[in-house]
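Asks: Have a look at the structure that comes next, please.
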Amino acid sequence: MSIEKAYDQWSSQYDSNKNKTRDMDQKLTREVLENTEFGFVLELGCGTGKNTSWFQTKAEKILAVDFSDEMLKMAKKKITSNNVSFLKADITKTWDWASGNFELVTCNLILEHIKDLNFIFCLANNQLKAGGYFFISELHPFKQYLGSKARFDSEEGKVELETFTHHISEFLEAADSTGFQLKKLNEWFDEDGNQTPRILSLLFQKT
């Protein structure tokens with residue numbers, strides 16, 4: 001099953017099923033970006049709008065992008081604000097739909113599905129104003145080393161999505177080669193004391 005079709009199928013239960021990674025991502029995104037100033041946001045992989053709903057209260061304008069029709073349908077049902085525009089697009093191809101005038105570009109829980117980090121970092125940099133921010137929140141590679149990956153239960157059984165493991169060094173090397181400066185790196189742990197971090201978050205700034 002393609003990643004797009006898998007997310008189409010996942011959409012009906014994405015907001016309601018038990019998902020510690022989804023919930024932690026939502027919480028940490030607000031925490032990391034609370035004091036960051038941004039007006040125009042490009043949200044890559046907006047899904048059902050779990051983070052879009054917060055961005056719309058803080059940003060002047062948001063372009064929320066996803067490649068799953070069904071995920072976008074769920075997001076549009078929840079969010080009707082005039083400052084949010086939704087768009088179906090494949091971010092692994094040229095971003096000819098973007099304006100190049102953003103103060104913040106975000107990637108939440110999507111880069112594990114993308115093989116070429118440099119391509120995404122390069123295009124994100126091209127879309128940002130000078131001094132703009134690139135925020136990433138991803139399943140921690142340490143979790144991936146132990147076998148964790150995006151998956152959900154369907155009527156036909158467990159569905160596991162195709163993923164790629166990106167080491168922390170890969171993120172930092174991609175940032176360095178595309179003109180980003182690291183501002184924050186955080187590793188987020190479950191409250192139950194599990195010693196393996198669940199999510200890696202990185203905040204870069206365009207130099």
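Each chain in the structure tokens gets a letter, A, B and so on, in the order shown; residues start at 1 in every chain, and ligands are counted from 1 in the order they appear.
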Give me the residues within 8 Å of region 163-179 of chain A as a PDB file with N, CA, C and O atoms, in the first residue's frame, counting only C-alpha atoms and dropping any in the same chain fewer than 4 places off.
Replies:
```pdb
ATOM      1  N   GLU A 112      10.129  10.820   8.207  1.00  0.00           N
ATOM      2  CA  GLU A 112      10.462   9.394   8.224  1.00  0.00           C
ATOM      3  C   GLU A 112       9.968   8.707   6.953  1.00  0.00           C
ATOM      4  O   GLU A 112      10.403   7.599   6.630  1.00  0.00           O
ATOM      5  N   HIS A 113       9.060   9.354   6.226  1.00  0.00           N
ATOM      6  CA  HIS A 113       8.548   8.783   4.976  1.00  0.00           C
ATOM      7  C   HIS A 113       9.301   9.298   3.748  1.00  0.00           C
ATOM      8  O   HIS A 113       8.954   8.944   2.620  1.00  0.00           O
ATOM      9  N   ILE A 114      10.290  10.134   3.966  1.00  0.00           N
ATOM     10  CA  ILE A 114      10.997  10.789   2.861  1.00  0.00           C
ATOM     11  C   ILE A 114      12.469  10.393   2.894  1.00  0.00           C
ATOM     12  O   ILE A 114      13.140  10.543   3.910  1.00  0.00           O
ATOM     13  N   LYS A 115      12.954   9.891   1.792  1.00  0.00           N
ATOM     14  CA  LYS A 115      14.322   9.378   1.734  1.00  0.00           C
ATOM     15  C   LYS A 115      15.362  10.494   1.684  1.00  0.00           C
ATOM     16  O   LYS A 115      16.393  10.427   2.365  1.00  0.00           O
ATOM     17  N   LEU A 117      16.557  13.893   2.601  1.00  0.00           N
ATOM     18  CA  LEU A 117      16.405  15.053   3.478  1.00  0.00           C
ATOM     19  C   LEU A 117      16.923  16.328   2.833  1.00  0.00           C
ATOM     20  O   LEU A 117      16.341  17.403   3.008  1.00  0.00           O
ATOM     21  N   ASN A 118      18.015  16.233   2.105  1.00  0.00           N
ATOM     22  CA  ASN A 118      18.619  17.431   1.512  1.00  0.00           C
ATOM     23  C   ASN A 118      17.636  18.160   0.593  1.00  0.00           C
ATOM     24  O   ASN A 118      17.614  19.393   0.553  1.00  0.00           O
ATOM     25  N   PHE A 121      15.214  20.094   2.849  1.00  0.00           N
ATOM     26  CA  PHE A 121      15.899  21.213   3.498  1.00  0.00           C
ATOM     27  C   PHE A 121      16.180  22.330   2.497  1.00  0.00           C
ATOM     28  O   PHE A 121      16.016  23.514   2.816  1.00  0.00           O
ATOM     29  N   CYS A 122      16.601  21.971   1.295  1.00  0.00           N
ATOM     30  CA  CYS A 122      16.909  22.972   0.277  1.00  0.00           C
ATOM     31  C   CYS A 122      15.672  23.768  -0.114  1.00  0.00           C
ATOM     32  O   CYS A 122      15.702  25.001  -0.168  1.00  0.00           O
ATOM     33  N   ASN A 125      14.490  26.053   2.696  1.00  0.00           N
ATOM     34  CA  ASN A 125      15.326  27.255   2.769  1.00  0.00           C
ATOM     35  C   ASN A 125      14.929  28.252   1.691  1.00  0.00           C
ATOM     36  O   ASN A 125      14.841  29.466   1.942  1.00  0.00           O
ATOM     37  N   PRO A 141      15.175   8.812  16.088  1.00  0.00           N
ATOM     38  CA  PRO A 141      15.831   7.655  15.467  1.00  0.00           C
ATOM     39  C   PRO A 141      16.123   6.534  16.459  1.00  0.00           C
ATOM     40  O   PRO A 141      16.156   5.367  16.071  1.00  0.00           O
ATOM     41  N   GLN A 144      13.323   4.321  16.278  1.00  0.00           N
ATOM     42  CA  GLN A 144      13.361   3.561  15.036  1.00  0.00           C
ATOM     43  C   GLN A 144      14.360   2.412  15.118  1.00  0.00           C
ATOM     44  O   GLN A 144      14.111   1.323  14.598  1.00  0.00           O
ATOM     45  N   TYR A 145      15.490   2.654  15.782  1.00  0.00           N
ATOM     46  CA  TYR A 145      16.477   1.589  15.943  1.00  0.00           C
ATOM     47  C   TYR A 145      15.866   0.379  16.650  1.00  0.00           C
ATOM     48  O   TYR A 145      16.269  -0.766  16.416  1.00  0.00           O
ATOM     49  N   LYS A 149       7.782   2.499  14.230  1.00  0.00           N
ATOM     50  CA  LYS A 149       7.509   3.172  12.961  1.00  0.00           C
ATOM     51  C   LYS A 149       6.030   3.523  12.925  1.00  0.00           C
ATOM     52  O   LYS A 149       5.246   3.059  13.748  1.00  0.00           O
ATOM     53  N   ALA A 150       5.654   4.351  11.965  1.00  0.00           N
ATOM     54  CA  ALA A 150       4.246   4.722  11.808  1.00  0.00           C
ATOM     55  C   ALA A 150       3.435   3.478  11.448  1.00  0.00           C
ATOM     56  O   ALA A 150       3.750   2.770  10.487  1.00  0.00           O
ATOM     57  N   PHE A 204      15.640  25.323  13.285  1.00  0.00           N
ATOM     58  CA  PHE A 204      16.723  25.946  12.523  1.00  0.00           C
ATOM     59  C   PHE A 204      16.309  27.343  12.088  1.00  0.00           C
ATOM     60  O   PHE A 204      15.110  27.646  11.960  1.00  0.00           O
ATOM     61  N   LYS A 206      17.203  30.359   9.066  1.00  0.00           N
ATOM     62  CA  LYS A 206      17.888  30.645   7.803  1.00  0.00           C
ATOM     63  C   LYS A 206      18.906  31.746   8.025  1.00  0.00           C
ATOM     64  O   LYS A 206      18.594  32.813   8.527  1.00  0.00           O
ATOM     65  N   THR A 207      20.157  31.487   7.652  1.00  0.00           N
ATOM     66  CA  THR A 207      21.223  32.465   7.879  1.00  0.00           C
ATOM     67  C   THR A 207      21.328  33.444   6.705  1.00  0.00           C
ATOM     68  O   THR A 207      20.773  33.207   5.633  1.00  0.00           O
TER      69      THR A 207
END
```
Asks: Residues near region 16-23 of chain A, anyone? I mean within 12 Å using only C-alpha atoms, not counting same-chain ones fewer than 6 positions away, as a ChimeraX atom specification.
Replies: /A:10,29-30,47-51,108-110,137-140,143,148-154,188-192,197-200
Asks: Between A:Leu146, A:Asn186, A:Gly100, A:Leu87, which has the minimum distance to Ala130 (chain A) (counting only C-alpha atoms)?
Replies: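 Checking each candidate against Ala130 (chain A), we get A:Gly100 as the closest.
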Asks: As a PyMOL selection string, please: all residues of region 1-171 of chain A that backbone DSSP puts in helix (DSSP H, G or I).
Replies: chain A and resi 3-14+20-33+52-58+69-78+111-113+117-127+141-145+168-171
